[in-house]
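Below you'll find the structure, written out as structure tokens, and then a few comments.
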Amino acid sequence: MDVFLQAIALMFQWQNLAALMGGALYGIIIGILPGLGPAAGMALAIPLVSSWSPVTALVFVGSLYKCCNYGGSITAILVNTPGDASNAATILDGYPMCEKGKGGVALSISATAALVGGILGTLCLIYTAPLLAEFALKFGPAEYFLTAILALSVIAAVVQGATLKGLISAGLGLILATVGYDVITGHLRYTFGILILEDGIPVIQAVVGLFAVTQALVLAESMESISRIGKLEGSSWEGVWTYFKYPYAVIRSAVIGLFIGVLPGVGQSGAGLVAWAEAKRESKHPGTFGTGDPEGVISSETSTNACMPGDLVLTIALGIPGSVAAAVFLGIMIIFGVIPGPMVFAEKTNEIYTLFVALILSSLVLFLVGMTLARYLAAVTLIRNEIIVPIILIVGLIGSYAIRNMMEDVMISLVFGILGYVMLKGGFTTVPLLLGLVLGEMVELNYHRALLMSAGSYSIFYSSTVCKILILLTIVSLAGPYLGSLGRRMKGRGKLIGKA
Amino acid sequence: MRAKLNVLMAVFFLAMTFTWGAHAIWAAGYPDKAITIIVPFAPGAGTDLDARGIVPYLEKYLGVPVKIENIKGAEGKLGITRLWRSKPDGYTLMIHTVAETLMGDIVLPNVEYRTADLSHIGTFTRGNSIIVDHTDNWKTFPELAKTGRERALIGGNPGKGSPSHFNAMLLMKKAGVKVNWVPFSGAGEALTALAGKHTEFSIHTAPSILSLVKAGKIRPVVVLSEIKDNVFPDAPLAKEVGYDVEFLPVLRGLDGPPNMPEDVQQVLDKALAQAVKDPGFVAWAQNRMSQVYYLNREEYNKLIKAHLKELQENKDVLDAM
Amino acid sequence: MLEKLKRTEVWFKLVLLAFFGFWYARAFSFPQQSRQFPHLIAVPSLILTLISLITDFTKEKEVQGEIAGTDDSELTTLDESARKERRKRFWQAWAIILVSMAVGFLGGFLFSAFFLLLGFALLFGNRNNLIKNMILTVGITMATYVTFQWFMDVPLLRGVLW
């Protein structure tokens with residue numbers, strides 16, 4: 001406990017407080033500007049912080065990292081444009097809420113999620129990092145494959161009600177995921193000599209196309225502003241109260257986000273999507289998801305905010321970066337002589353514990369900033385049509401452009417924009433496509449890796465305990481909706497029998 | 001007749017003076033605006049961090065702003081291709097891992113450039129490929145090799161076509177060890193697999209493995225290099241355990257597009273030579289656990305030729321990758 | 001029968017059939033391991049699309065927008081002129097986008113931004129708002145420049161021409 005008191009005392013030294021606020025604001029701004037993610041943001045900060053003390057530098061970079069996601073949530077909710085792949089799921093219910101005039105509510109839900117999800121995630125990081133790290137190590141390629149399958153099984157729930165089209169959409173996503181350089185064989189698939197396709201279909205550009213561009217086209221057609229009812233409804237505080245009405249969703253999403261964050265290489269983009277899909281699956285009224293159900297925003301936002309501390313678990317506990325951003329953070333830690341590992345808690349107590357305090361406080365900063373700005377930002381949804389349409393296009397396309405400074409990425413987004421529009425008109429939903437695109441590589445790569453390890457034997461997929469648990473969860477996930485309705489029918493029959 | 005000869009000679013000398021003068025003026029004029037250094041990887045990757053270390057010192061000794069542009073994609077090809085197509089005026093350069101780029105030419109599909117034809121200016125830091133295994137597994141390489149001759153081992157590598165992979169394959173071939181290689185996307189994934197005992201050994205450079213070694217999870221078994229590793233000086237070299245193989249070091253080099261003018265290259269080489277000696281850089285390299293390793297233009301060009309020869313001689317290993 | 005063919009849903013499915021078929025065929029040129037997944041996904045997707053297409057022609061019921069979140073407005077009955085109006089706006093929007101992209105390709109993304117704003121303001125805006133919209137066009141373009149080129153070093157003026 002005294003380590004924390006010491007850390008808090010350190011935190012309140014003016015330069016560390018300044019670093020906290022500075023890092024947070026810098027992170028939010030980087031997040032709002034699409035295309036720039038925490039990795040680039042932190043790398044840009046290196047020359048700035050290199051002359052500072054390790055504690056101050058880590059506070060700055062840590063709160064930058066934590067707050068980056070939030071800016072992307074703002075654009076995701078207001079203009080249907082994700083700031084980073086991890087905000088993709090927030091679009092699904094956040095933007096429809098804006099259409100209903102509840103933009104301010106959605107933004108405040110997001111702010112509250114930043115607070116709660118961030119704190120929950122960070123607390124788990126602080127108290128259970130070594131345990132989580134050991135758990136993460138149990139995952140080898142076979143386990144990753146099964147995890148990806150489990151995540152995909154959630155699609156089955158998402159497509160409930162329009163199964164055929166939903167599966168086709170998922171199939172399309174999975175197929176598109178095969179484009180690119182095959183790590184296993186070194187062969188190029190479906191690239192037709194185009195260099196930029198070799199890393200596969202870039203997810204953010206595709207998401208910008210499928211959601212931002214498509215939405216801009218829909219708006220252009222309808223001549224409306226984002227808020228279809230022409231005014232704003234609901235106060236910022238409504239969002240906060242609404243958030244706490246779904247405690248189970250909060251816990252569940254935080255757990256999902258944390259675990260996805262802990263496993264290296266899974267990718268934060270999955271966290272929000274899986275949490276959202278799981279919320280829809282377990283809901284008694286799944287039909288409202290995607291039309292502006294607050295639970296959708298709560299789930300995806302809490303999950304992505306709990307994901308970031310999860311990302312740091314392996315980084316701090318064992319020095320293994322689980323994502324590109326974590327790798328930058330690790331690099332910065334090393335430059336300042338803070339070498340991660342079990343000893344780091346004892347050797348660099350001040351640095352590490354102040355970092356933890358900074359992560360918690362930056363969640364609070366996000367909440368305060370978010371709540372203050374919510375009302376003003378929500379006014380964006382009232383901007384008239386001929387201005388908001390080009391704004392959405394510019395914000396989205398510049399995001400695609402800024403990732404690699406290439407016009408070709410903008411073209412990719414436009415192509416996906418057409419695809420999204422056609423799918424919309426054709427009655428297909430794009431969410432399974434997104435899930436397939438995001439998870440496809442994980443499924444395929446790990447399948448092949450596992451077989452390479454076992455020299456072709458399939459037993460590797462069911463030998464370890466983790467594998468068995470994952471298989472069980474997948475079966476439950478797939479059978480779930482049917483068991484649910486079966487259970488209800490049995491209950492109904494039981495009632496009849498009882499009456500008779 | 002005499003007059004004509006005089007005029008001719010006068011013209012000749014004038015022309016020479018002019019050319020020499022123009023060259024001198026031009027060289028003195030370089031650099032007069034900002035220089036962009038392309039790093040063909042994401043920010044935070046090993047090459048990127050090393051680049052960010054040397055760039056402030058290059059700025060100092062060149063007297064102009066130097067900025068880094070990360071162009072990641074297609075296993076580095078996007079950035080390298082961009083450099084390949086740039087004007088050789090000295091304002092667009094690249095920092096990369098030499099052996100990796102060179103191997104990329106040969107191993108990767110759809111490559112437009114020839115690394116050997118780039119303008120090689122100098123190298124500045126170096127790391128070594130180290131074979132690491134889990135602490136529960138073999139303690140020394142001979143033990144590992146013995147098992148590997150009886151049954152195929154499961155080895156992880158951070159990516160097909162990386163110098164680490166190549167070096168390890170060279171050693172394994174010499175030792176007669178059979179390996180089932182499992183390719184991962186980056187050091188992070190490969191290390192997680194090793195630490196969780198999903199693979200039996202893996203190949204990495206020192207900075208990636210330091211934390212895990214300190215945590216007692218993995219250990220360095222043998223260093224694939226001709227010099228001791230600066231971070232793990234106690235780890236045995238390949239020749240010390242009986243296998244004298246020539247390996248490719250993990251060197252960061254500064255290069256430019258093909259056919260950069262001589263004088264421009266001289267200026268850059270000189271600045272690089274000063275930058276690597278700067279106490280600030282030396283301190284940075286120590287923090288970063290990179291070994292300062294400077295090769296000037298001549299030495300660097302010789303190294304490239306030596307690498308190429310090595311790759312030619314071991315074509316069978318490359319084909320097997 | 002031919003009337004049905006005009007529906008977006010139907011021709012999209014035909015395109016999908018061709019797409020999945022192509023994907024499947026192309027995979028034969030890959031090494032064995034690279035081939036597995038494309039085949040595994042393409043075949044069921046092809047079959048499902050075929051089934052969906054066949055039901056479109058055999059089932060006579062009116063297509064409902066079954067999935068929440070999809071745009072129902074094409075499917076609910078709109079009168080012919082409203083539908084034509086929407087179509088016109090859609091193509092106008094695309095024209096603006098394509099011109100802006102072409103300009104951007106030549107001169108840099110900043111010009112794309114400017115043309116997008118200009119195009120939509122002129123073609124979609126009201127006469128009375130013209131002055132206000134022009135000011136906004138210039139203003140937003142400048143804001144874009146400052147935010148991205150200045151602060152983030154994103155090259156907005158990099159194009160084929162220079």
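By convention in this document, the chains of the structure tokens carry letters A, B, ... by their order, each chain's residues are numbered from 1, and ligands are numbered from 1 in the order they are shown.
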
Write down as number ranges by chain the residues belonging to chain C that are assigned helix (DSSP H, G or I) by DSSP computed on the backbone. C: 2-5, 8-29, 32-58, 72-74, 80-107, 109-124, 130-152

Pull out every residue of chain A that has at least one atom within 6 Å of chain C, counting only C-alpha atoms, and report them as a list in words.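 So the residues of chain A near chain C are Ile168, Gly171, Glu221, Gly290, Thr291, Glu386, Pro390, Ile394, Leu424 and Gly426 of chain A.
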
With N, CA and C atoms kept, could you save the residues just selected as a PDB file, in the first residue's frame?
```pdb
ATOM      1  N   ILE A 168     -23.097 -15.306 -45.733  1.00  0.00           N
ATOM      2  CA  ILE A 168     -22.446 -14.921 -46.977  1.00  0.00           C
ATOM      3  C   ILE A 168     -21.537 -13.723 -46.723  1.00  0.00           C
ATOM      4  N   GLY A 171     -18.542 -14.928 -45.032  1.00  0.00           N
ATOM      5  CA  GLY A 171     -17.696 -15.628 -45.989  1.00  0.00           C
ATOM      6  C   GLY A 171     -16.898 -14.652 -46.826  1.00  0.00           C
ATOM      7  N   GLU A 221     -27.769  11.053 -50.425  1.00  0.00           N
ATOM      8  CA  GLU A 221     -29.035  10.686 -51.058  1.00  0.00           C
ATOM      9  C   GLU A 221     -30.212  11.269 -50.339  1.00  0.00           C
ATOM     10  N   GLY A 290     -27.494  -2.250 -33.168  1.00  0.00           N
ATOM     11  CA  GLY A 290     -27.232  -1.738 -34.511  1.00  0.00           C
ATOM     12  C   GLY A 290     -28.196  -0.629 -34.869  1.00  0.00           C
ATOM     13  N   THR A 291     -29.201  -0.395 -33.999  1.00  0.00           N
ATOM     14  CA  THR A 291     -30.116   0.699 -34.290  1.00  0.00           C
ATOM     15  C   THR A 291     -29.960   1.814 -33.269  1.00  0.00           C
ATOM     16  N   GLU A 386     -25.151  19.538 -46.814  1.00  0.00           N
ATOM     17  CA  GLU A 386     -24.120  19.739 -47.826  1.00  0.00           C
ATOM     18  C   GLU A 386     -22.746  20.027 -47.229  1.00  0.00           C
ATOM     19  N   PRO A 390     -19.332  16.269 -47.115  1.00  0.00           N
ATOM     20  CA  PRO A 390     -17.898  16.351 -47.415  1.00  0.00           C
ATOM     21  C   PRO A 390     -17.017  16.248 -46.181  1.00  0.00           C
ATOM     22  N   ILE A 394     -13.966  13.801 -45.950  1.00  0.00           N
ATOM     23  CA  ILE A 394     -12.600  14.286 -45.725  1.00  0.00           C
ATOM     24  C   ILE A 394     -11.992  13.618 -44.497  1.00  0.00           C
ATOM     25  N   LEU A 424     -25.722  -2.609 -48.393  1.00  0.00           N
ATOM     26  CA  LEU A 424     -26.816  -2.006 -47.647  1.00  0.00           C
ATOM     27  C   LEU A 424     -28.112  -2.086 -48.430  1.00  0.00           C
ATOM     28  N   GLY A 426     -28.775  -4.044 -50.748  1.00  0.00           N
ATOM     29  CA  GLY A 426     -29.133  -5.418 -51.048  1.00  0.00           C
ATOM     30  C   GLY A 426     -29.608  -6.185 -49.834  1.00  0.00           C
TER      31      GLY A 426
END
```

Find the residues near A:Met21: any atom within 12 Å, counting only C-alpha atoms, skip ones fewer than 2 places away on the same chain, and give them as a ChimeraX atom specification. /A:11-12,14-19,23-28,56,59-64,66-67,358-359,361-366,368-369

Writer output for current selection, N, CA and C atoms, as a CSV table (one decimal), in the first residue's frame:
```csv
chain,number,residue,atom,x,y,z
A,11,MET,N,3.2,11.5,-8.1
A,11,MET,CA,2.3,11.9,-9.2
A,11,MET,C,1.9,13.4,-9.0
A,12,PHE,N,1.8,13.8,-7.8
A,12,PHE,CA,1.3,15.2,-7.6
A,12,PHE,C,2.5,16.2,-7.6
A,14,TRP,N,4.5,18.7,-9.7
A,14,TRP,CA,3.9,19.5,-10.8
A,14,TRP,C,4.3,19.0,-12.1
A,15,GLN,N,5.6,18.5,-12.3
A,15,GLN,CA,5.9,18.1,-13.7
A,15,GLN,C,5.3,16.8,-14.1
A,16,ASN,N,4.9,16.0,-13.1
A,16,ASN,CA,4.3,14.8,-13.4
A,16,ASN,C,2.8,15.0,-13.7
A,17,LEU,N,2.2,15.9,-13.0
A,17,LEU,CA,0.8,16.3,-13.3
A,17,LEU,C,0.7,16.9,-14.7
A,18,ALA,N,1.7,17.7,-15.0
A,18,ALA,CA,1.7,18.3,-16.3
A,18,ALA,C,1.8,17.3,-17.4
A,19,ALA,N,2.7,16.3,-17.1
A,19,ALA,CA,3.0,15.3,-18.1
A,19,ALA,C,1.7,14.4,-18.3
A,23,GLY,N,0.1,14.4,-21.8
A,23,GLY,CA,0.0,13.2,-22.5
A,23,GLY,C,-1.4,12.8,-22.9
A,24,ALA,N,-2.3,13.1,-21.9
A,24,ALA,CA,-3.7,12.8,-22.2
A,24,ALA,C,-4.3,13.6,-23.3
A,25,LEU,N,-4.1,14.9,-23.3
A,25,LEU,CA,-4.6,15.7,-24.4
A,25,LEU,C,-4.0,15.4,-25.7
A,26,TYR,N,-2.7,15.2,-25.7
A,26,TYR,CA,-2.0,14.8,-26.9
A,26,TYR,C,-2.6,13.5,-27.5
A,27,GLY,N,-2.8,12.6,-26.6
A,27,GLY,CA,-3.4,11.3,-27.0
A,27,GLY,C,-4.8,11.4,-27.6
A,28,ILE,N,-5.6,12.2,-26.9
A,28,ILE,CA,-7.0,12.4,-27.4
A,28,ILE,C,-6.9,13.0,-28.8
A,56,THR,N,8.6,10.9,-15.2
A,56,THR,CA,7.8,11.9,-16.0
A,56,THR,C,7.5,11.4,-17.4
A,59,VAL,N,5.0,8.6,-17.4
A,59,VAL,CA,3.6,9.1,-17.1
A,59,VAL,C,3.1,9.7,-18.4
A,60,PHE,N,3.9,10.5,-19.1
A,60,PHE,CA,3.4,11.2,-20.4
A,60,PHE,C,3.0,10.1,-21.4
A,61,VAL,N,4.0,9.2,-21.7
A,61,VAL,CA,3.7,8.3,-22.7
A,61,VAL,C,2.6,7.3,-22.4
A,62,GLY,N,2.6,6.9,-21.1
A,62,GLY,CA,1.5,6.0,-20.6
A,62,GLY,C,0.1,6.7,-20.8
A,63,SER,N,0.0,7.9,-20.4
A,63,SER,CA,-1.4,8.5,-20.5
A,63,SER,C,-1.7,8.8,-22.0
A,64,LEU,N,-0.7,9.1,-22.8
A,64,LEU,CA,-0.9,9.2,-24.2
A,64,LEU,C,-1.5,7.9,-24.8
A,66,LYS,N,-3.0,5.5,-23.3
A,66,LYS,CA,-4.3,5.2,-22.7
A,66,LYS,C,-5.4,6.0,-23.4
A,67,CYS,N,-5.1,7.3,-23.7
A,67,CYS,CA,-6.1,8.2,-24.1
A,67,CYS,C,-6.3,8.2,-25.6
A,358,ALA,N,-0.8,6.8,-13.0
A,358,ALA,CA,-1.1,7.7,-14.2
A,358,ALA,C,-2.2,7.1,-15.1
A,359,LEU,N,-2.1,5.7,-15.2
A,359,LEU,CA,-3.1,5.1,-16.1
A,359,LEU,C,-4.5,5.3,-15.5
A,361,LEU,N,-5.5,7.7,-13.4
A,361,LEU,CA,-5.9,9.1,-13.4
A,361,LEU,C,-6.2,9.5,-14.8
A,362,SER,N,-5.5,8.9,-15.8
A,362,SER,CA,-5.8,9.4,-17.2
A,362,SER,C,-7.2,8.9,-17.6
A,363,SER,N,-7.7,7.8,-17.0
A,363,SER,CA,-9.1,7.4,-17.3
A,363,SER,C,-10.0,8.4,-16.8
A,364,LEU,N,-9.6,9.0,-15.6
A,364,LEU,CA,-10.5,10.0,-15.0
A,364,LEU,C,-10.5,11.3,-15.9
A,365,VAL,N,-9.3,11.6,-16.4
A,365,VAL,CA,-9.2,12.8,-17.3
A,365,VAL,C,-10.1,12.6,-18.5
A,366,LEU,N,-10.0,11.4,-19.1
A,366,LEU,CA,-10.9,11.1,-20.2
A,366,LEU,C,-12.3,11.4,-19.9
A,368,LEU,N,-13.6,13.3,-17.6
A,368,LEU,CA,-13.9,14.8,-17.4
A,368,LEU,C,-13.9,15.5,-18.8
A,369,VAL,N,-12.9,15.2,-19.6
A,369,VAL,CA,-12.8,15.9,-20.9
A,369,VAL,C,-14.1,15.5,-21.7
```

Would you list the contacts of B:Ile80 as a PyMOL selection string, taking every protein, DNA or RNA residue within 9 Å and counting only C-alpha atoms, but skipping same-chain residues closer than 2 positions in sequence? chain B and resi 38-40+71+76-78+82-85+94+96+101+113+115

Filtering to N, CA and C atoms, could you give me those residues as an mmCIF file, in the first residue's frame?
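Writing the result to result09.cif gives the following:
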```
data_model
loop_
_atom_site.group_PDB
_atom_site.id
_atom_site.type_symbol
_atom_site.label_atom_id
_atom_site.label_comp_id
_atom_site.auth_asym_id
_atom_site.auth_seq_id
_atom_site.Cartn_x
_atom_site.Cartn_y
_atom_site.Cartn_z
ATOM 1 N N ILE B 38 14.079 7.479 -44.929
ATOM 2 C CA ILE B 38 12.984 6.506 -44.945
ATOM 3 C C ILE B 38 13.348 5.334 -44.040
ATOM 4 N N VAL B 39 12.422 4.937 -43.189
ATOM 5 C CA VAL B 39 12.601 3.718 -42.408
ATOM 6 C C VAL B 39 11.496 2.772 -42.853
ATOM 7 N N PRO B 40 11.852 1.634 -43.461
ATOM 8 C CA PRO B 40 10.808 0.796 -44.054
ATOM 9 C C PRO B 40 10.038 -0.068 -43.046
ATOM 10 N N ILE B 71 7.749 4.187 -43.630
ATOM 11 C CA ILE B 71 6.914 3.643 -44.703
ATOM 12 C C ILE B 71 6.910 2.137 -44.518
ATOM 13 N N GLY B 76 8.822 -4.559 -45.728
ATOM 14 C CA GLY B 76 9.823 -3.541 -45.979
ATOM 15 C C GLY B 76 9.905 -3.106 -47.424
ATOM 16 N N LYS B 77 9.289 -3.851 -48.331
ATOM 17 C CA LYS B 77 9.432 -3.531 -49.754
ATOM 18 C C LYS B 77 8.883 -2.163 -50.114
ATOM 19 N N LEU B 78 7.786 -1.759 -49.461
ATOM 20 C CA LEU B 78 7.193 -0.467 -49.798
ATOM 21 C C LEU B 78 8.197 0.660 -49.595
ATOM 22 N N ARG B 82 10.283 2.785 -52.500
ATOM 23 C CA ARG B 82 10.169 4.242 -52.572
ATOM 24 C C ARG B 82 11.556 4.855 -52.647
ATOM 25 N N LEU B 83 12.495 4.336 -51.866
ATOM 26 C CA LEU B 83 13.851 4.875 -51.914
ATOM 27 C C LEU B 83 14.471 4.616 -53.271
ATOM 28 N N TRP B 84 14.274 3.413 -53.764
ATOM 29 C CA TRP B 84 14.851 3.002 -55.044
ATOM 30 C C TRP B 84 14.460 3.961 -56.152
ATOM 31 N N ARG B 85 13.208 4.461 -56.064
ATOM 32 C CA ARG B 85 12.723 5.343 -57.114
ATOM 33 C C ARG B 85 13.023 6.820 -56.861
ATOM 34 N N MET B 94 17.900 6.234 -46.603
ATOM 35 C CA MET B 94 17.187 5.169 -45.907
ATOM 36 C C MET B 94 18.065 4.557 -44.830
ATOM 37 N N HIS B 96 18.192 1.035 -42.696
ATOM 38 C CA HIS B 96 17.592 -0.302 -42.762
ATOM 39 C C HIS B 96 18.535 -1.324 -42.157
ATOM 40 N N THR B 101 17.566 -6.549 -45.981
ATOM 41 C CA THR B 101 17.196 -5.981 -47.273
ATOM 42 C C THR B 101 17.839 -6.777 -48.402
ATOM 43 N N TYR B 113 13.683 -3.749 -56.716
ATOM 44 C CA TYR B 113 15.002 -3.133 -56.537
ATOM 45 C C TYR B 113 16.113 -4.164 -56.425
ATOM 46 N N THR B 115 19.303 -4.406 -54.009
ATOM 47 C CA THR B 115 19.966 -3.780 -52.866
ATOM 48 C C THR B 115 21.417 -3.467 -53.163
#
```

Please check the contacts: residues of chain B at most 12 Å away from chain C, using only C-alpha atoms, listed as a PyMOL selection string. chain B and resi 67-70

For the selection you just gave me, I'd like the residues written to a file as a compact mmCIF listing (two decimals), in the first residue's frame, keeping N, CA and C atoms.
```
# COMPACT_ATOMS: atom_id res chain seq x y z
N LYS B 67 14.60 14.39 -40.97
CA LYS B 67 13.42 13.77 -40.39
C LYS B 67 13.19 12.36 -40.91
N ILE B 68 12.52 11.58 -40.08
CA ILE B 68 12.28 10.18 -40.40
C ILE B 68 10.89 10.03 -40.99
N GLU B 69 10.81 9.27 -42.07
CA GLU B 69 9.49 8.95 -42.60
C GLU B 69 9.34 7.42 -42.56
N ASN B 70 8.38 6.98 -41.74
CA ASN B 70 8.15 5.53 -41.67
C ASN B 70 7.27 5.11 -42.84
```

Name all residues at most 12 Å from A:Ile119 (count only C-alpha atoms; drop same-chain ones fewer than 2 positions away) and give them as a ChimeraX atom specification. /A:66,112-117,121-126,250-251,254,258,302-303,305-310,356-367

Hey, list the chain B side of the contact with chain A: 8 Å cut-off, only C-alpha atoms, answer as a VMD selection string. chain B and resid 42 to 45 49 71 to 74 77 to 78 108 to 110 154 159 to 160 180 to 185 188 to 189 191 to 193 195 to 196 198 to 199 208 to 212 214 to 215 284 287 to 288

Could you list, as a list of chain:residue names, every residue within 10 Å of stretch 176-178 of chain B, counting only C-alpha atoms and ignoring same-chain residues fewer than 6 positions away?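 Counting only the stated atoms, we get B:Leu144, B:Ala145, B:Lys146, B:Thr147, B:Gly148, B:Arg149, B:Glu150, B:Arg151, B:Ala152, B:Leu153, B:Ile154, B:Gly155, B:Met169, B:Leu170.
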
Contacts of A:Gly396 at 7 Å or less, counting only C-alpha atoms, minus same-chain residues fewer than 5 places along, as a compact mmCIF listing (two decimals) with N, CA and C atoms, in the first residue's frame?
```txt
# COMPACT_ATOMS: atom_id res chain seq x y z
N PRO A 34 -7.93 10.75 -37.59
CA PRO A 34 -7.94 9.35 -37.98
C PRO A 34 -6.65 8.97 -38.68
N THR A 81 -16.88 7.31 -38.36
CA THR A 81 -15.54 7.05 -38.85
C THR A 81 -14.66 6.62 -37.70
N VAL A 208 -13.21 2.42 -42.92
CA VAL A 208 -13.57 3.78 -43.33
C VAL A 208 -14.50 3.71 -44.53
N ALA A 212 -17.82 4.91 -43.09
CA ALA A 212 -17.85 6.36 -43.30
C ALA A 212 -18.32 6.72 -44.70
```

Using DSSP on the backbone, list every residue of stretch 58-198 of chain B that comes out as strand (DSSP E), and give them as a tab-separated table (two decimals) with N, CA and C atoms, in the first residue's frame.
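Below you can see states.tsv, which holds the result:
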```
chain	number	residue	atom	x	y	z
B	66	VAL	N	16.88	16.77	-40.14
B	66	VAL	CA	16.78	15.43	-40.71
B	66	VAL	C	15.53	14.81	-40.12
B	67	LYS	N	14.60	14.39	-40.97
B	67	LYS	CA	13.42	13.77	-40.39
B	67	LYS	C	13.19	12.36	-40.91
B	68	ILE	N	12.52	11.58	-40.08
B	68	ILE	CA	12.28	10.18	-40.40
B	68	ILE	C	10.89	10.03	-40.99
B	69	GLU	N	10.81	9.27	-42.07
B	69	GLU	CA	9.49	8.95	-42.60
B	69	GLU	C	9.34	7.42	-42.56
B	70	ASN	N	8.38	6.98	-41.74
B	70	ASN	CA	8.15	5.53	-41.67
B	70	ASN	C	7.27	5.11	-42.84
B	92	THR	N	17.02	12.22	-50.00
B	92	THR	CA	16.22	11.09	-49.57
B	92	THR	C	17.14	9.93	-49.31
B	93	LEU	N	17.15	9.46	-48.08
B	93	LEU	CA	18.03	8.36	-47.73
B	93	LEU	C	17.22	7.29	-47.02
B	94	MET	N	17.90	6.23	-46.60
B	94	MET	CA	17.19	5.17	-45.91
B	94	MET	C	18.06	4.56	-44.83
B	95	ILE	N	17.43	4.22	-43.72
B	95	ILE	CA	18.12	3.44	-42.69
B	95	ILE	C	17.42	2.09	-42.63
B	96	HIS	N	18.19	1.03	-42.70
B	96	HIS	CA	17.59	-0.30	-42.76
B	96	HIS	C	18.53	-1.32	-42.16
B	97	THR	N	18.07	-2.56	-42.12
B	97	THR	CA	18.93	-3.64	-41.65
B	97	THR	C	19.50	-4.30	-42.89
B	119	SER	N	23.30	3.20	-53.08
B	119	SER	CA	24.53	3.88	-52.68
B	119	SER	C	24.75	3.61	-51.20
B	120	HIS	N	25.80	2.87	-50.90
B	120	HIS	CA	26.02	2.47	-49.51
B	120	HIS	C	26.92	3.48	-48.83
B	121	ILE	N	26.41	4.07	-47.76
B	121	ILE	CA	27.18	5.13	-47.11
B	121	ILE	C	27.93	4.63	-45.89
B	122	GLY	N	27.23	3.99	-44.99
B	122	GLY	CA	27.95	3.49	-43.82
B	122	GLY	C	27.02	2.74	-42.90
B	123	THR	N	27.59	2.02	-41.94
B	123	THR	CA	26.75	1.34	-40.94
B	123	THR	C	27.01	1.99	-39.60
B	124	PHE	N	26.09	1.80	-38.66
B	124	PHE	CA	26.34	2.43	-37.37
B	124	PHE	C	26.05	1.58	-36.13
B	125	THR	N	25.08	0.69	-36.19
B	125	THR	CA	24.94	-0.18	-35.01
B	125	THR	C	24.79	-1.62	-35.46
B	126	ARG	N	24.94	-2.49	-34.51
B	126	ARG	CA	24.90	-3.91	-34.84
B	126	ARG	C	24.29	-4.70	-33.70
B	127	GLY	N	23.61	-5.78	-34.07
B	127	GLY	CA	23.11	-6.73	-33.09
B	127	GLY	C	23.46	-8.10	-33.60
B	129	SER	N	22.39	-12.37	-34.01
B	129	SER	CA	21.35	-13.39	-33.89
B	129	SER	C	21.76	-14.34	-32.78
B	130	ILE	N	20.85	-14.60	-31.90
B	130	ILE	CA	21.15	-15.51	-30.79
B	130	ILE	C	20.10	-16.60	-30.78
B	131	ILE	N	20.55	-17.83	-30.65
B	131	ILE	CA	19.58	-18.92	-30.49
B	131	ILE	C	19.25	-19.01	-29.00
B	132	VAL	N	17.96	-18.95	-28.71
B	132	VAL	CA	17.54	-19.03	-27.31
B	132	VAL	C	16.61	-20.22	-27.14
B	133	ASP	N	16.66	-20.81	-25.94
B	133	ASP	CA	15.65	-21.83	-25.69
B	133	ASP	C	15.11	-21.66	-24.28
B	134	HIS	N	14.10	-22.39	-24.00
B	134	HIS	CA	13.45	-22.30	-22.71
B	134	HIS	C	14.37	-22.88	-21.65
B	153	LEU	N	13.44	-30.91	-34.38
B	153	LEU	CA	13.07	-29.97	-33.32
B	153	LEU	C	12.04	-28.98	-33.84
B	154	ILE	N	11.33	-28.37	-32.91
B	154	ILE	CA	10.37	-27.33	-33.31
B	154	ILE	C	11.02	-25.97	-33.06
B	155	GLY	N	11.33	-25.28	-34.11
B	155	GLY	CA	12.00	-23.99	-33.98
B	155	GLY	C	11.11	-22.85	-34.45
B	156	GLY	N	11.12	-21.77	-33.69
B	156	GLY	CA	10.35	-20.60	-34.11
B	156	GLY	C	11.28	-19.56	-34.71
B	157	ASN	N	10.79	-18.80	-35.65
B	157	ASN	CA	11.59	-17.68	-36.14
B	157	ASN	C	10.67	-16.47	-36.30
B	179	VAL	N	15.01	-29.50	-38.34
B	179	VAL	CA	14.11	-28.56	-37.66
B	179	VAL	C	12.79	-28.42	-38.41
B	180	ASN	N	11.69	-28.41	-37.65
B	180	ASN	CA	10.40	-28.00	-38.21
B	180	ASN	C	10.27	-26.52	-37.89
B	181	TRP	N	10.39	-25.67	-38.91
B	181	TRP	CA	10.34	-24.24	-38.63
B	181	TRP	C	8.91	-23.74	-38.58
B	182	VAL	N	8.61	-22.96	-37.54
B	182	VAL	CA	7.29	-22.35	-37.43
B	182	VAL	C	7.47	-20.83	-37.57
B	183	PRO	N	6.98	-20.25	-38.66
B	183	PRO	CA	7.19	-18.81	-38.85
B	183	PRO	C	6.17	-17.99	-38.07
```
